[in-house]
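**Student:** I'd like to ask you about the structure that follows.
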Amino acid sequence: MPVFRRPLIALGCRPRNAGEVAGWRETDAAVMQATYIDSLWRAGGTEAMLFPRALGEHEAEAYLSRVDGLILVGGGDVEPFRYGQEPHPKAYGLSRVSDDFELVLARAAFRMGIPFFAICRGVQILNVALGGTLHQHLPDVSHTVSHGATPEGDAGTHAVDVEPKSLLSRSVGRLSRLDACFSAHHQAIDRLAPGLVVSGRTADGVVEAVERDRPADGWLLGVQWHPERTTHVDHQQQSLFDALVTAAGEHMLAQR
Ligand code: MN
């Protein structure tokens with residue numbers, strides 16, 4: 001008898017050193033915010049938490065061959081040497097293990113064409129993994145929209161203009177503009193990687209959403225904002241997770 005199951009979505013956890021998690025002084029750990037999991041469950045999916053570690057290309061493919069989709073979540077900056085630059089003085093949260101883990105996962109997911117939702121740091125990882133570069137500190141280049149440029153404090157919301165006929169547009173009921181995108185980033189895509197196209201920008205021209213230039217190769221959406229922070233009150237933001245899980249369900253059935 002067939003067993004119904006929810007699409008299984010892998011999420012890459014954030015590494016924490018011994019002592020960074022209260023009560024765990026003697027062991028390294030990894031963490032994940034509940035907002036991602038809540039948004040995924042609301043969409044009808046369930047989670048597979050991946051522990052961050054240096055990963056080979058074949059291991060990454062083996063991981064991803066056992067799930068129906070992938071989410072890469074927000075976090076610190078990508079190490080600038082990964083795209084050939086020296087660190088900006090405002091760089092924060094650099095993690096060798098996180099980059100080693102997620103860059104390989106992102107390349108494998110792109111190659112395999114599994115449904116892949118890249119959020120905030122995730123979209124930066126995606127772009128760097130495929131050969132693109134980042135603006136290291138947005139206040140140096142953008143002055144008209146506040147993107148919430150520090151990790152601690154001044155997060156807020158801004159609008160994102162949506163490219164017509166894009167995957168992003170279809171995922172949000174063909175709206176031309178998402179009014180309230182929760183934003184907390186001080187970096188963004190600079191030179192876009194081959195294989196990607198831009199499908200959302202803020203009024204200052206900052207890249208806020210990307211997808212595949214060949215949509216038939218797999219469901220891929222990268223967003224620079226944090227939909228998971230407002231999915232509980234904003235069905236447009238929730239619809240991005242819904243679209244991922246729908247694609248993951250189709251991928252699951254196609255693999256049988
Ligand atoms: Mn932004």
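Ordering of the structure tokens sets the chain letters (A, B, ...), residue numbers begin anew at 1 in every chain, and ligands are numbered from 1 in the order given.
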Which parts of stretch 110-207 of chain A does DSSP call alpha helix (DSSP H) when run on the backbone here, written out as a ChimeraX atom specification?
**Tutor:** /A:110-112,121-129,167-171
**Student:** Find the residues of chain A that sit at most 6 Å from ligand 1; for each, write down the nearest two atoms and how far apart they are in Å, to one decimal. Count only C-alpha atoms and all ligand atoms. Sort by chain, then by number going up, and give it as a Markdown table.
**Tutor:**
| residue | atom | partner | partner_atom_place_in_ligand_line | distance |
| --- | --- | --- | --- | --- |
| A:His147 | CA | ligand 1 | 1 (Mn) | 4.2 |
| A:Ser183 | CA | ligand 1 | 1 (Mn) | 4.8 |
| A:Trp225 | CA | ligand 1 | 1 (Mn) | 5.6 |
**Student:** Output all heavy atoms for every residue in that selection, as a PDB file, in the first residue's frame.
**Tutor:**
ATOM      1  N   HIS A 147      18.123  48.474   3.744  1.00  0.00           N
ATOM      2  CA  HIS A 147      18.054  47.010   3.658  1.00  0.00           C
ATOM      3  C   HIS A 147      18.274  46.344   5.008  1.00  0.00           C
ATOM      4  O   HIS A 147      18.349  45.123   5.094  1.00  0.00           O
ATOM      5  CB  HIS A 147      19.086  46.498   2.642  1.00  0.00           C
ATOM      6  CG  HIS A 147      18.760  46.896   1.246  1.00  0.00           C
ATOM      7  ND1 HIS A 147      17.940  46.151   0.432  1.00  0.00           N
ATOM      8  CD2 HIS A 147      19.103  47.984   0.517  1.00  0.00           C
ATOM      9  CE1 HIS A 147      17.809  46.755  -0.748  1.00  0.00           C
ATOM     10  NE2 HIS A 147      18.504  47.871  -0.715  1.00  0.00           N
ATOM     11  N   SER A 183      13.726  42.679   5.554  1.00  0.00           N
ATOM     12  CA  SER A 183      15.086  42.806   5.027  1.00  0.00           C
ATOM     13  C   SER A 183      16.092  43.008   6.149  1.00  0.00           C
ATOM     14  O   SER A 183      15.913  43.867   7.011  1.00  0.00           O
ATOM     15  CB  SER A 183      15.140  44.005   4.061  1.00  0.00           C
ATOM     16  OG  SER A 183      16.429  44.124   3.498  1.00  0.00           O
ATOM     17  N   TRP A 225      15.635  38.729   0.724  1.00  0.00           N
ATOM     18  CA  TRP A 225      14.929  39.077   1.961  1.00  0.00           C
ATOM     19  C   TRP A 225      14.594  37.808   2.755  1.00  0.00           C
ATOM     20  O   TRP A 225      15.024  36.702   2.418  1.00  0.00           O
ATOM     21  CB  TRP A 225      13.681  39.918   1.651  1.00  0.00           C
ATOM     22  CG  TRP A 225      12.534  39.221   0.999  1.00  0.00           C
ATOM     23  CD1 TRP A 225      11.456  38.645   1.617  1.00  0.00           C
ATOM     24  CD2 TRP A 225      12.318  39.040  -0.409  1.00  0.00           C
ATOM     25  NE1 TRP A 225      10.600  38.114   0.684  1.00  0.00           N
ATOM     26  CE2 TRP A 225      11.099  38.347  -0.563  1.00  0.00           C
ATOM     27  CE3 TRP A 225      13.044  39.379  -1.557  1.00  0.00           C
ATOM     28  CZ2 TRP A 225      10.591  37.989  -1.814  1.00  0.00           C
ATOM     29  CZ3 TRP A 225      12.533  39.028  -2.800  1.00  0.00           C
ATOM     30  CH2 TRP A 225      11.328  38.347  -2.910  1.00  0.00           C
TER      31      TRP A 225
END
**Student:** If you count only C-alpha atoms, which residues fall within 12 Å of A:Ser169, apart from same-chain ones fewer than 4 positions away, as number ranges by chain?
**Tutor:** A: 160-165, 173-178, 198-200, 209-211, 221, 236-237, 239-240, 243
**Student:** Need the shell around A:Ser65: protein/DNA/RNA residues with any atom at most 12 Å away, counting only C-alpha atoms. Skip same-chain ones fewer than 6 positions apart. Format as a PyMOL selection string?
**Tutor:** chain A and resi 8-10+58-59+105+108-109+111-115+251-252+255
**Student:** Residues near A:Glu102, anyone? I mean within 8 Å using only C-alpha atoms, not counting same-chain ones fewer than 2 positions away, as a JSON list (two decimals) with C-alpha atoms, in the first residue's frame.
**Tutor:**
[["chain", "number", "residue", "atom", "x", "y", "z"],
["A", 12, "GLY", "CA", 21.63, 23.46, 6.09],
["A", 52, "PRO", "CA", 27.38, 21.60, 8.49],
["A", 72, "LEU", "CA", 19.72, 27.37, 2.30],
["A", 98, "SER", "CA", 29.64, 26.87, 6.56],
["A", 99, "ASP", "CA", 31.03, 28.00, 3.20],
["A", 100, "ASP", "CA", 32.72, 24.65, 2.51],
["A", 104, "VAL", "CA", 29.21, 22.42, -2.53],
["A", 105, "LEU", "CA", 25.55, 21.77, -1.68],
["A", 106, "ALA", "CA", 24.41, 24.69, -3.84],
["A", 125, "ILE", "CA", 26.04, 31.39, -1.58]]
**Student:** Atom CA of A:Gly148 and atom CA of A:Ser171 are how many Å apart?
**Tutor:**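 Here the two named atoms are 24.9 Å from each other.
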**Student:** Need the shell around A:Ala247: protein/DNA/RNA residues with any atom at most 10 Å away, counting only C-alpha atoms. Skip same-chain ones fewer than 6 positions apart. Format as a list in words?
**Tutor:**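 Using only C-alpha atoms, the neighbours found are Pro7, Asp68, Gly69, Ile114, Pro115, Phe116, Gly218, Trp219, Leu220 and Phe241 of chain A.
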**Student:** Given only C-alpha atoms, how would the per-residue table for stretch 122-237 of chain A near stretch 78-91 of chain A read, listing every residue at most 9 Å away with its closest atom pair and distance in Å to one decimal, sorted by chain and number, as a tab-separated table?
**Tutor:**
residue	atom	partner	partner_atom	distance
A:Gln124	CA	A:Val78	CA	7.4
A:Ile125	CA	A:Val78	CA	6.9
A:Val128	CA	A:Tyr83	CA	6.3
A:Ala129	CA	A:Arg82	CA	8.4
A:Gly131	CA	A:Tyr83	CA	7.3
A:Gly132	CA	A:Tyr83	CA	7.1
A:Thr133	CA	A:Tyr83	CA	5.6
A:Leu134	CA	A:Tyr83	CA	7.8
A:Gln136	CA	A:His88	CA	6.3
A:His137	CA	A:Lys90	CA	7.1
A:His186	CA	A:Lys90	CA	8.9
**Student:** When you look at A:Cys120 with a cut-off of 7 Å (counting only C-alpha atoms), what residues show up, excluding the ones that are within fewer than 4 positions of it in the same chain? I need them as a PyMOL selection string.
**Tutor:** chain A and resi 73-74+124+223-226
**Student:** Suppose we keep all heavy atoms; can you now write the selection as a short mmCIF file (atom, residue, chain, number, x, y, z; two decimals), in the first residue's frame?
**Tutor:**
data_model
loop_
_atom_site.label_atom_id
_atom_site.label_comp_id
_atom_site.auth_asym_id
_atom_site.auth_seq_id
_atom_site.Cartn_x
_atom_site.Cartn_y
_atom_site.Cartn_z
N VAL A 73 19.59 28.87 4.21
CA VAL A 73 18.99 29.91 5.03
C VAL A 73 19.95 31.08 5.26
O VAL A 73 21.10 31.06 4.81
CB VAL A 73 18.52 29.34 6.39
CG1 VAL A 73 17.53 28.20 6.17
CG2 VAL A 73 19.71 28.88 7.23
N GLY A 74 19.48 32.07 6.01
CA GLY A 74 20.26 33.26 6.32
C GLY A 74 21.40 32.96 7.28
O GLY A 74 21.43 31.93 7.94
N GLN A 124 23.22 34.47 -1.71
CA GLN A 124 24.61 34.92 -1.91
C GLN A 124 25.51 33.71 -2.16
O GLN A 124 26.37 33.72 -3.05
CB GLN A 124 25.07 35.73 -0.70
CG GLN A 124 24.23 37.02 -0.52
CD GLN A 124 24.48 37.75 0.79
OE1 GLN A 124 25.35 37.38 1.56
NE2 GLN A 124 23.71 38.80 1.04
N VAL A 223 16.04 34.47 -2.89
CA VAL A 223 15.55 35.79 -2.48
C VAL A 223 16.49 36.38 -1.44
O VAL A 223 17.02 35.66 -0.58
CB VAL A 223 14.10 35.72 -1.91
CG1 VAL A 223 13.14 35.22 -2.97
CG2 VAL A 223 14.01 34.88 -0.65
N GLN A 224 16.70 37.69 -1.52
CA GLN A 224 17.64 38.35 -0.62
C GLN A 224 16.96 38.75 0.70
O GLN A 224 17.62 39.02 1.69
CB GLN A 224 18.25 39.56 -1.32
CG GLN A 224 19.30 40.31 -0.57
CD GLN A 224 20.45 39.42 -0.16
OE1 GLN A 224 21.27 39.03 -0.97
NE2 GLN A 224 20.52 39.06 1.12
N TRP A 225 15.63 38.73 0.72
CA TRP A 225 14.93 39.08 1.96
C TRP A 225 14.59 37.81 2.76
O TRP A 225 15.02 36.70 2.42
CB TRP A 225 13.68 39.92 1.65
CG TRP A 225 12.53 39.22 1.00
CD1 TRP A 225 11.46 38.65 1.62
CD2 TRP A 225 12.32 39.04 -0.41
NE1 TRP A 225 10.60 38.11 0.68
CE2 TRP A 225 11.10 38.35 -0.56
CE3 TRP A 225 13.04 39.38 -1.56
CZ2 TRP A 225 10.59 37.99 -1.81
CZ3 TRP A 225 12.53 39.03 -2.80
CH2 TRP A 225 11.33 38.35 -2.91
N HIS A 226 13.82 37.98 3.83
CA HIS A 226 13.51 36.87 4.74
C HIS A 226 12.02 36.56 4.76
O HIS A 226 11.32 36.98 5.69
CB HIS A 226 13.98 37.21 6.16
CG HIS A 226 15.44 37.03 6.38
ND1 HIS A 226 16.01 35.79 6.58
CD2 HIS A 226 16.45 37.92 6.39
CE1 HIS A 226 17.32 35.93 6.74
NE2 HIS A 226 17.61 37.21 6.62
#
**Student:** Between atom CA of A:Arg214 and atom CA of A:Ala48, what is the spacing in Å?
**Tutor:**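 Taking atom CA of A:Ala48 as the start and atom CA of A:Arg214 as the end point, the length is 27.4 Å.
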**Student:** Taking into account only C-alpha atoms, which residue in the set A:Val145, A:Phe101, A:Val206, A:Leu40 is nearest to A:Tyr63?
**Tutor:**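 Under the stated criterion, the closest residue is A:Phe101.
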**Student:** Taking the backbone alone, and naming residues the way the document does, which bits of stretch 19-230 of chain A are strand (DSSP E) by DSSP, as a ChimeraX atom specification?
**Tutor:** /A:29-31,46-50,69-72,116-119,134-135,156-162,177-183,188-189,196-201,207-212,220-223
**Student:** Find, counting only C-alpha atoms, the residue in A:Arg5, A:Gln187, A:Val207, A:Phe117 that gets nearest to A:Leu167.
**Tutor:**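 Going through A:Arg5, A:Gln187, A:Val207, A:Phe117 one by one, the smallest distance to A:Leu167 is for A:Phe117.
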**Student:** Measuring between only C-alpha atoms, which one of A:Leu244, A:Ile189, A:His235, A:Thr144 shows the shortest distance to A:Asp204?
**Tutor:**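 Under the stated criterion, the closest residue is A:Thr144.
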**Student:** Enter the distance from atom CA of A:Ala216 to atom CA of A:Arg170, in Å, rounded to one decimal.
**Tutor:**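 Between atom CA of A:Ala216 and atom CA of A:Arg170 the gap is 14.6 Å.
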**Student:** Just checking: using only C-alpha atoms, which residue out of A:Cys181, A:Val67, A:Ala54, A:Ile119 ends up closest to A:Arg201?
**Tutor:**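 Ranked by minimum distance to A:Arg201, first place goes to A:Cys181.
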